[in-house]
>>> print(open('data.pdb').read())   # PDB, C-alpha atoms
ATOM      1  CA  MET A 814     145.593  29.070 120.377
ATOM      2  CA  PHE A 815     142.229  30.775 120.625
ATOM      3  CA  VAL A 816     139.069  31.480 118.648
ATOM      4  CA  ASP A 817     136.175  33.740 119.528
ATOM      5  CA  VAL A 818     132.987  34.928 117.833
ATOM      6  CA  CYS A 819     131.421  37.896 119.600
ATOM      7  CA  GLN A 820     129.002  40.801 119.241
ATOM      8  CA  HIS A 821     131.032  43.376 121.166
ATOM      9  CA  THR A 822     133.831  45.740 120.171
ATOM     10  CA  LEU A 823     137.051  43.768 119.729
ATOM     11  CA  ASP A 824     139.771  44.179 122.388
ATOM     12  CA  ILE A 825     142.784  44.401 120.077
ATOM     13  CA  ASN A 826     145.304  44.998 122.888
ATOM     14  CA  GLY A 827     143.893  42.121 124.905
ATOM     15  CA  TYR A 828     144.221  39.700 121.980
ATOM     16  CA  GLN A 829     147.771  40.924 121.280
ATOM     17  CA  ASN A 830     148.701  40.355 124.933
ATOM     18  CA  ARG A 831     147.093  36.909 124.944
ATOM     19  CA  LEU A 832     149.044  35.983 121.820
ATOM     20  CA  HIS A 833     152.299  37.292 123.277
ATOM     21  CA  GLU A 834     151.858  35.566 126.663
ATOM     22  CA  HIS A 835     151.861  32.137 125.047
ATOM     23  CA  SER A 836     154.599  32.738 122.480
ATOM     24  CA  THR A 837     157.763  31.709 124.295
ATOM     25  CA  ASN A 838     160.813  31.893 122.012
ATOM     26  CA  ALA A 839     158.881  33.671 119.251
ATOM     27  CA  GLY A 840     160.916  35.640 116.762
ATOM     28  CA  ALA A 841     157.860  37.313 115.283
ATOM     29  CA  ILE A 842     154.278  38.223 116.046
ATOM     30  CA  VAL A 843     152.012  39.338 113.224
ATOM     31  CA  THR A 844     148.511  40.720 113.666
ATOM     32  CA  PHE A 845     145.835  41.850 111.250
ATOM     33  CA  CYS A 846     142.691  43.899 111.880
ATOM     34  CA  GLY A 847     139.985  43.998 109.230
ATOM     35  CA  LEU A 848     137.741  47.069 109.249
ATOM     36  CA  VAL A 849     134.257  47.680 107.900
ATOM     37  CA  ARG A 850     134.634  49.920 104.869
ATOM     38  CA  ASP A 851     132.177  52.754 104.293
ATOM     39  CA  PHE A 852     131.738  51.929 100.596
ATOM     40  CA  ASN A 853     131.229  49.099  98.134
ATOM     41  CA  HIS A 854     131.122  48.848  94.316
ATOM     42  CA  ALA A 855     127.795  50.761  94.294
ATOM     43  CA  GLY A 856     128.872  53.646  96.543
ATOM     44  CA  CYS A 857     128.627  54.571 100.223
ATOM     45  CA  ILE A 858     127.237  52.108 102.757
ATOM     46  CA  ASP A 859     125.799  52.680 106.219
ATOM     47  CA  GLY A 860     127.360  49.707 108.011
ATOM     48  CA  ILE A 861     126.857  45.953 107.912
ATOM     49  CA  HIS A 862     125.152  43.086 109.665
ATOM     50  CA  LEU A 863     127.041  39.814 109.956
ATOM     51  CA  GLU A 864     125.322  36.524 110.752
ATOM     52  CA  HIS A 865     126.825  33.195 111.690
ATOM     53  CA  TYR A 866     125.734  29.707 112.608
ATOM     54  CA  PRO A 867     126.691  29.261 116.300
ATOM     55  CA  GLY A 868     128.799  26.196 116.870
ATOM     56  CA  MET A 869     129.486  25.655 113.181
ATOM     57  CA  THR A 870     131.343  28.951 112.789
ATOM     58  CA  GLU A 871     133.555  28.325 115.825
ATOM     59  CA  LYS A 872     134.277  24.787 114.624
ATOM     60  CA  ALA A 873     135.334  26.078 111.193
ATOM     61  CA  LEU A 874     137.544  28.743 112.780
ATOM     62  CA  ASN A 875     139.210  26.138 115.011
ATOM     63  CA  GLN A 876     139.830  23.871 112.011
ATOM     64  CA  LEU A 877     141.376  26.790 110.153
ATOM     65  CA  LEU A 878     143.553  27.630 113.151
ATOM     66  CA  CYS A 879     144.762  24.021 113.413
ATOM     67  CA  ALA A 880     145.521  23.865 109.682
ATOM     68  CA  ALA A 881     147.544  27.092 109.865
ATOM     69  CA  ASN A 882     149.396  25.900 112.951
ATOM     70  CA  THR A 883     150.386  22.655 111.260
ATOM     71  CA  ARG A 884     151.258  24.212 107.910
ATOM     72  CA  PHE A 885     153.364  27.096 109.241
ATOM     73  CA  ASP A 886     154.659  25.663 112.542
ATOM     74  CA  LEU A 887     153.138  28.491 114.554
ATOM     75  CA  LEU A 888     153.853  28.908 118.243
ATOM     76  CA  ASN A 889     150.499  30.535 118.899
ATOM     77  CA  ALA A 890     147.602  31.966 116.909
ATOM     78  CA  GLY A 891     144.183  33.464 117.349
ATOM     79  CA  ILE A 892     141.152  34.422 115.303
ATOM     80  CA  VAL A 893     138.404  36.673 116.623
ATOM     81  CA  HIS A 894     135.418  37.599 114.457
ATOM     82  CA  ARG A 895     132.638  39.980 115.259
ATOM     83  CA  VAL A 896     128.999  39.348 114.294
ATOM     84  CA  GLY A 897     125.783  41.388 114.539
ATOM     85  CA  ASP A 898     125.451  45.037 113.562
ATOM     86  CA  ILE A 899     128.802  46.675 112.927
ATOM     87  CA  ALA A 900     129.343  50.329 112.050
ATOM     88  CA  ASN A 901     131.665  51.647 109.370
ATOM     89  CA  HIS A 902     135.342  51.781 110.359
ATOM     90  CA  GLU A 903     134.924  49.353 113.280
ATOM     91  CA  VAL A 904     137.096  46.245 113.541
ATOM     92  CA  ILE A 905     135.274  43.172 112.249
ATOM     93  CA  VAL A 906     138.062  40.580 112.415
ATOM     94  CA  TRP A 907     141.386  40.140 114.212
ATOM     95  CA  VAL A 908     143.979  37.513 113.333
ATOM     96  CA  GLY A 909     147.279  37.016 115.103
ATOM     97  CA  THR A 910     150.169  34.581 114.764
ATOM     98  CA  SER A 911     153.500  34.000 116.433
ATOM     99  CA  ALA A 912     156.339  31.894 115.093
ATOM    100  CA  TYR A 913     160.069  31.389 115.379
ATOM    101  CA  HIS A 914     160.584  33.289 112.118
ATOM    102  CA  ARG A 915     158.772  36.268 110.599
ATOM    103  CA  GLN A 916     157.887  34.647 107.275
ATOM    104  CA  ALA A 917     155.980  31.841 108.977
ATOM    105  CA  ALA A 918     154.088  34.394 111.103
ATOM    106  CA  PHE A 919     153.235  36.523 108.037
ATOM    107  CA  ASP A 920     152.248  33.507 105.944
ATOM    108  CA  GLY A 921     150.161  32.037 108.757
ATOM    109  CA  ALA A 922     148.201  35.268 109.182
ATOM    110  CA  SER A 923     147.703  35.702 105.423
ATOM    111  CA  TYR A 924     146.620  32.097 105.044
ATOM    112  CA  MET A 925     144.065  32.383 107.840
ATOM    113  CA  MET A 926     142.528  35.567 106.400
ATOM    114  CA  ASP A 927     142.420  34.243 102.835
ATOM    115  CA  MET A 928     140.929  30.907 103.865
ATOM    116  CA  LEU A 929     138.555  32.418 106.428
ATOM    117  CA  LYS A 930     136.735  34.272 103.655
ATOM    118  CA  GLN A 931     136.103  30.965 101.866
ATOM    119  CA  SER A 932     135.732  28.320 104.555
ATOM    120  CA  VAL A 933     133.969  29.908 107.529
ATOM    121  CA  PRO A 934     130.160  30.187 107.543
ATOM    122  CA  LEU A 935     129.532  33.929 107.872
ATOM    123  CA  TRP A 936     126.927  35.939 105.963
ATOM    124  CA  LYS A 937     127.213  39.684 105.404
ATOM    125  CA  LYS A 938     124.491  42.203 104.672
ATOM    126  CA  GLU A 939     125.458  45.757 103.680
ATOM    127  CA  TYR A 940     123.115  48.684 104.244
ATOM    128  CA  GLN A 941     122.598  51.547 101.807
ATOM    129  CA  GLY A 942     119.874  54.098 102.417
ATOM    130  CA  GLY A 943     118.186  51.872 105.003
ATOM    131  CA  ARG A 944     118.019  48.882 102.642
ATOM    132  CA  GLY A 945     120.037  45.745 103.373
ATOM    133  CA  VAL A 946     121.571  43.629 100.611
ATOM    134  CA  TRP A 947     123.261  40.253 101.187
ATOM    135  CA  VAL A 948     126.825  40.218  99.859
ATOM    136  CA  HIS A 949     128.101  37.410  97.625
ATOM    137  CA  LYS A 950     131.639  36.081  97.880
ATOM    138  CA  LYS A 951     134.142  37.971  95.743
ATOM    139  CA  HIS A 952     136.030  36.284  92.937
ATOM    140  CA  THR A 953     139.267  37.853  94.221
ATOM    141  CA  ASP A 954     138.739  36.153  97.600
ATOM    142  CA  GLU A 955     138.298  32.811  95.833
ATOM    143  CA  LEU A 956     141.536  33.388  93.897
ATOM    144  CA  ALA A 957     143.434  34.223  97.100
ATOM    145  CA  ALA A 958     142.277  30.971  98.715
ATOM    146  CA  MET A 959     143.066  28.976  95.567
ATOM    147  CA  LYS A 960     146.713  30.123  95.690
ATOM    148  CA  TRP A 961     147.123  28.488  99.101
ATOM    149  CA  LEU A 962     145.311  25.335  97.984
ATOM    150  CA  GLN A 963     147.481  25.070  94.869
ATOM    151  CA  GLU A 964     150.630  25.505  96.940
ATOM    152  CA  ALA A 965     149.483  22.779  99.322
ATOM    153  CA  SER A 966     148.905  20.376  96.432
ATOM    154  CA  GLY A 967     152.295  21.183  94.936
ATOM    155  CA  THR A 968     150.973  22.756  91.733
ATOM    156  CA  LYS A 969     152.551  26.108  92.440
ATOM    157  CA  GLU A 970     155.936  27.165  93.762
ATOM    158  CA  SER A 971     156.131  28.106  97.454
ATOM    159  CA  ARG A 972     155.958  31.739  98.414
TER     160      ARG A 972
END
>>> encode(input="data.pdb", output="structure tokens")
Amino acid sequence: MFVDVCQHTLDINGYQNRLHEHSTNAGAIVTFCGLVRDFNHAGCIDGIHLEHYPGMTEKALNQLLCAANTRFDLLNAGIVHRVGDIANHEVIVWVGTSAYHRQAAFDGASYMMDMLKQSVPLWKKEYQGGRGVWVHKKHTDELAAMKWLQEASGTKESR
């Protein structure tokens, strides 16, 4: 299991290899790469700046990783998030899971991405025409996280 917060370009192949190396008997490996889009609801953007609180962000990511591991019986998992100035179309986040069965690997990766948006202290500023605007959390991200929380409390059928 691994977590990293960095300011450099993400090494997707390296993370995939690291996940695979420690996934003995895995039946599935699932990875996700999130990219910086070149637009928002107001039009084109010129990249983003992502800030974090060192120590607190890594702690939250580790807690999320542990929760996913316990909930989905993962063999291995990793979360890597980039911070600082990030250009359009660059990878901002990588999540990977391995499990005995594909559904657990898919669910673990989806859970980590949905919960990451709600539970990890990261702040995003989007740039348009040289002006930066802080981005508020999206209602759709809150709904995605709530589905997992409802399932955990037994108020919704399992996926």
>>> atom_distance(input="data.pdb", atom1="atom CA of A:Met959", atom2="atom CA of A:Ala918")
19.8 Å
>>> closest_residue(input="data.pdb", among="A:Gly943, A:Gly860, A:Gly921, A:Gly840", to="A:Gly897", atoms="all atoms listed in the file")
A:Gly860
>>> resolve_selection(input="data.pdb", expression="the PyMOL selection byres ((chain A and resi 864) around 7)", output="tab-separated table (two decimals) with C-alpha atoms, in the frame of the given file")
chain	number	residue	atom	x	y	z
A	862	HIS	CA	125.15	43.09	109.66
A	863	LEU	CA	127.04	39.81	109.96
A	865	HIS	CA	126.82	33.20	111.69
A	896	VAL	CA	129.00	39.35	114.29
A	897	GLY	CA	125.78	41.39	114.54
A	935	LEU	CA	129.53	33.93	107.87
A	936	TRP	CA	126.93	35.94	105.96
A	937	LYS	CA	127.21	39.68	105.40
>>> resolve_selection(input="data.pdb", expression="the PyMOL selection byres ((chain A and resi 846) around 6)", output="list in words")
Phe845, Gly847, Val906 and Trp907 of chain A
>>> closest_residue(input="data.pdb", among="A:Ile905, A:Leu887, A:Ala881, A:Leu874", to="A:Ala965", atoms="all atoms listed in the file")
A:Ala881
>>> closest_residue(input="data.pdb", among="A:Ser911, A:Asn901, A:Ser932, A:Ser966", to="A:Gln829", atoms="only C-alpha atoms")
A:Ser911
>>> closest_residue(input="data.pdb", among="A:Asp824, A:Asp898, A:Asp886, A:Glu955", to="A:Met928", atoms="all atoms listed in the file")
A:Glu955
>>> build_atoms(input="data.pdb", residues="stretch 869-883 of chain A", atoms="N, CA and C atoms", output="tab-separated table (two decimals), in the frame of the given file")
chain	number	residue	atom	x	y	z
A	869	MET	N	128.87	25.98	114.46
A	869	MET	CA	129.49	25.66	113.18
A	869	MET	C	130.60	26.65	112.83
A	870	THR	N	130.35	27.93	113.09
A	870	THR	CA	131.34	28.95	112.79
A	870	THR	C	132.60	28.76	113.64
A	871	GLU	N	132.41	28.54	114.94
A	871	GLU	CA	133.56	28.32	115.82
A	871	GLU	C	134.34	27.07	115.43
A	872	LYS	N	133.62	26.03	115.06
A	872	LYS	CA	134.28	24.79	114.62
A	872	LYS	C	135.14	25.04	113.39
A	873	ALA	N	134.58	25.77	112.42
A	873	ALA	CA	135.33	26.08	111.19
A	873	ALA	C	136.55	26.94	111.50
A	874	LEU	N	136.40	27.91	112.40
A	874	LEU	CA	137.54	28.74	112.78
A	874	LEU	C	138.63	27.91	113.47
A	875	ASN	N	138.23	27.01	114.35
A	875	ASN	CA	139.21	26.14	115.01
A	875	ASN	C	139.92	25.23	114.02
A	876	GLN	N	139.20	24.70	113.04
A	876	GLN	CA	139.83	23.87	112.01
A	876	GLN	C	140.83	24.68	111.21
A	877	LEU	N	140.47	25.91	110.89
A	877	LEU	CA	141.38	26.79	110.15
A	877	LEU	C	142.62	27.09	110.98
A	878	LEU	N	142.43	27.36	112.25
A	878	LEU	CA	143.55	27.63	113.15
A	878	LEU	C	144.50	26.43	113.23
A	879	CYS	N	143.94	25.24	113.35
A	879	CYS	CA	144.76	24.02	113.41
A	879	CYS	C	145.52	23.79	112.11
A	880	ALA	N	144.86	24.03	110.98
A	880	ALA	CA	145.52	23.86	109.68
A	880	ALA	C	146.68	24.84	109.53
A	881	ALA	N	146.48	26.09	109.95
A	881	ALA	CA	147.54	27.09	109.86
A	881	ALA	C	148.70	26.73	110.79
A	882	ASN	N	148.37	26.28	111.99
A	882	ASN	CA	149.40	25.90	112.95
A	882	ASN	C	150.28	24.78	112.39
A	883	THR	N	149.64	23.78	111.82
A	883	THR	CA	150.39	22.66	111.26
A	883	THR	C	151.22	23.08	110.05
